[in-house]
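Structure first, then comments.
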Amino acid sequence: MLHQDLRIYRCPQQFIQFKLGLREALSSQQAITFSVNSDESMDDIERYLKKYAYSYNLDKQQGLLLVEPLRV
């Protein structure tokens, strides 16, 4: 499983780094966990994940976002 820390970024950099991490996870067919700030908005990221039907779990209290790779 891959891990990426997004806590040091603010929008729009956070979203760009999220997409780069997601691309790496897809190419290696691994799940990825993102560390996020609980006070930072996750609306754009959640909207992106829903639009492309990713399986994900967001725990805002712990600041963790787990994304499973897409299955073809």
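Please note that chains go A, B, ... in the order of the structure tokens, that every chain numbers its residues from 1, and that ligands are numbered from 1 in the order shown.
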key: Surrounding residues of stretch 19-25 of chain A excluding itself and chain neighbours under 3 positions, 9 Å, only C-alpha atoms, as a list in words   =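 That gives Met1, Leu2, His3, Gln4, Gln14, Phe15, Ile16, Ser28, Gln29, Gln30, Ala31, Ile32, Phe34, Ile45, Val67, Glu68 and Pro69 of chain A.
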Secondary structure check, strand (DSSP E or B) residues of chain A, as a list in words =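 Matching residues for strand (DSSP E or B) in chain A are Leu2, His3, Gln4, Asp5, Ile32, Thr33, Phe34, Ser35, Tyr56, Asn57, Leu58, Asp59, Leu64, Leu65, Leu66 and Val67 of chain A.
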Limited to all heavy atoms, could you put the picked residues into a file as a short mmCIF file (atom, residue, chain, number, x, y, z; two decimals), in the first residue's frame?
```
data_model
loop_
_atom_site.label_atom_id
_atom_site.label_comp_id
_atom_site.auth_asym_id
_atom_site.auth_seq_id
_atom_site.Cartn_x
_atom_site.Cartn_y
_atom_site.Cartn_z
N LEU A 2 0.48 2.20 -0.80
CA LEU A 2 1.21 3.45 -0.89
C LEU A 2 0.66 4.45 0.12
O LEU A 2 -0.48 4.31 0.59
CB LEU A 2 1.08 4.03 -2.30
CG LEU A 2 1.59 3.15 -3.44
CD1 LEU A 2 1.26 3.78 -4.78
CD2 LEU A 2 3.09 2.94 -3.32
N HIS A 3 1.45 5.46 0.44
CA HIS A 3 1.02 6.51 1.35
C HIS A 3 1.53 7.85 0.85
O HIS A 3 2.68 7.94 0.39
CB HIS A 3 1.54 6.26 2.77
CG HIS A 3 1.10 7.31 3.72
ND1 HIS A 3 -0.16 7.30 4.27
CD2 HIS A 3 1.72 8.41 4.20
CE1 HIS A 3 -0.27 8.37 5.06
NE2 HIS A 3 0.86 9.04 5.03
N GLN A 4 0.69 8.87 0.95
CA GLN A 4 1.10 10.22 0.57
C GLN A 4 0.54 11.20 1.59
O GLN A 4 -0.63 11.13 1.97
CB GLN A 4 0.62 10.58 -0.82
CG GLN A 4 1.15 11.92 -1.28
CD GLN A 4 0.90 12.17 -2.75
OE1 GLN A 4 0.31 11.36 -3.44
NE2 GLN A 4 1.37 13.29 -3.22
N ASP A 5 1.38 12.13 2.01
CA ASP A 5 0.99 13.14 2.99
C ASP A 5 0.60 14.42 2.26
O ASP A 5 1.43 15.06 1.62
CB ASP A 5 2.16 13.41 3.94
CG ASP A 5 1.77 14.26 5.12
OD1 ASP A 5 0.62 14.76 5.15
OD2 ASP A 5 2.59 14.42 6.03
N ILE A 32 -3.96 3.31 -1.96
CA ILE A 32 -3.15 4.42 -1.45
C ILE A 32 -3.89 5.10 -0.31
O ILE A 32 -5.12 5.23 -0.34
CB ILE A 32 -2.81 5.44 -2.57
CG1 ILE A 32 -1.87 6.52 -2.06
CG2 ILE A 32 -4.06 6.01 -3.21
CD1 ILE A 32 -1.23 7.38 -3.14
N THR A 33 -3.14 5.49 0.70
CA THR A 33 -3.67 6.22 1.83
C THR A 33 -3.10 7.63 1.79
O THR A 33 -1.89 7.80 1.67
CB THR A 33 -3.30 5.55 3.16
OG1 THR A 33 -3.79 4.21 3.16
CG2 THR A 33 -3.89 6.30 4.33
N PHE A 34 -3.99 8.61 1.88
CA PHE A 34 -3.58 10.01 1.92
C PHE A 34 -3.81 10.54 3.33
O PHE A 34 -4.87 10.33 3.90
CB PHE A 34 -4.41 10.86 0.95
CG PHE A 34 -4.23 10.50 -0.50
CD1 PHE A 34 -5.12 9.66 -1.13
CD2 PHE A 34 -3.17 11.02 -1.23
CE1 PHE A 34 -4.97 9.34 -2.47
CE2 PHE A 34 -3.01 10.71 -2.56
CZ PHE A 34 -3.90 9.86 -3.19
N SER A 35 -2.82 11.24 3.87
CA SER A 35 -2.99 11.96 5.12
C SER A 35 -3.45 13.37 4.76
O SER A 35 -2.82 14.04 3.93
CB SER A 35 -1.68 12.05 5.90
OG SER A 35 -1.27 10.78 6.30
N TYR A 56 -13.58 4.40 -1.94
CA TYR A 56 -12.74 5.14 -1.00
C TYR A 56 -13.40 5.20 0.36
O TYR A 56 -14.60 4.98 0.50
CB TYR A 56 -12.44 6.55 -1.52
CG TYR A 56 -13.61 7.50 -1.49
CD1 TYR A 56 -13.78 8.37 -0.43
CD2 TYR A 56 -14.55 7.52 -2.51
CE1 TYR A 56 -14.85 9.25 -0.39
CE2 TYR A 56 -15.62 8.39 -2.49
CZ TYR A 56 -15.76 9.25 -1.43
OH TYR A 56 -16.83 10.11 -1.39
N ASN A 57 -12.58 5.51 1.36
CA ASN A 57 -13.06 5.66 2.73
C ASN A 57 -12.37 6.88 3.31
O ASN A 57 -11.15 6.91 3.40
CB ASN A 57 -12.75 4.40 3.53
CG ASN A 57 -13.33 4.46 4.93
OD1 ASN A 57 -14.04 5.39 5.28
ND2 ASN A 57 -13.00 3.47 5.73
N LEU A 58 -13.14 7.88 3.71
CA LEU A 58 -12.61 9.11 4.28
C LEU A 58 -12.93 9.15 5.76
O LEU A 58 -14.09 9.12 6.15
CB LEU A 58 -13.20 10.32 3.57
CG LEU A 58 -12.82 11.68 4.13
CD1 LEU A 58 -11.30 11.89 4.07
CD2 LEU A 58 -13.54 12.79 3.38
N ASP A 59 -11.90 9.22 6.57
CA ASP A 59 -12.05 9.37 8.02
C ASP A 59 -11.54 10.77 8.37
O ASP A 59 -10.34 10.99 8.52
CB ASP A 59 -11.24 8.30 8.75
CG ASP A 59 -11.44 8.33 10.25
OD1 ASP A 59 -11.94 9.35 10.78
OD2 ASP A 59 -11.07 7.34 10.90
N LEU A 64 -7.52 10.69 7.40
CA LEU A 64 -7.05 9.66 6.48
C LEU A 64 -8.06 9.42 5.36
O LEU A 64 -9.26 9.35 5.60
CB LEU A 64 -6.81 8.34 7.21
CG LEU A 64 -5.65 8.32 8.21
CD1 LEU A 64 -5.63 6.99 8.94
CD2 LEU A 64 -4.34 8.56 7.51
N LEU A 65 -7.54 9.27 4.16
CA LEU A 65 -8.35 8.94 2.99
C LEU A 65 -7.72 7.72 2.34
O LEU A 65 -6.58 7.77 1.90
CB LEU A 65 -8.37 10.12 2.01
CG LEU A 65 -8.98 9.85 0.63
CD1 LEU A 65 -10.46 9.53 0.75
CD2 LEU A 65 -8.76 11.04 -0.29
N LEU A 66 -8.47 6.63 2.30
CA LEU A 66 -8.02 5.39 1.66
C LEU A 66 -8.73 5.24 0.33
O LEU A 66 -9.96 5.30 0.27
CB LEU A 66 -8.32 4.18 2.55
CG LEU A 66 -8.09 2.81 1.92
CD1 LEU A 66 -6.62 2.58 1.65
CD2 LEU A 66 -8.66 1.71 2.79
N VAL A 67 -7.96 5.06 -0.75
CA VAL A 67 -8.53 4.91 -2.08
C VAL A 67 -8.06 3.58 -2.65
O VAL A 67 -6.86 3.29 -2.68
CB VAL A 67 -8.11 6.06 -3.03
CG1 VAL A 67 -8.74 5.87 -4.40
CG2 VAL A 67 -8.48 7.41 -2.44
#
```
inquiry  = Can you tell me which residues surround A:Pro12 at a distance of at most 12 Å, considering only C-alpha atoms, apart from same-chain residues fewer than 6 positions away, and format the answer as a PyMOL selection string?
reply    = chain A and resi 6+18-19+40-45
query = Between atom CA of A:Ser38 and atom CA of A:Gln61, what is the spacing in Å?
reply =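 Distance between the two atoms: 6.5 Å.
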key: DSSP helix (DSSP H, G or I) selection over chain A, as a PyMOL selection string   = chain A and resi 13-28+43-51
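Residues in contact with A:Asn37 at 7 Å, where only C-alpha atoms are counted and same-chain residues fewer than 2 positions away are skipped, are listed as Arg7, Asp39, Glu40 and Gly63 of chain A.
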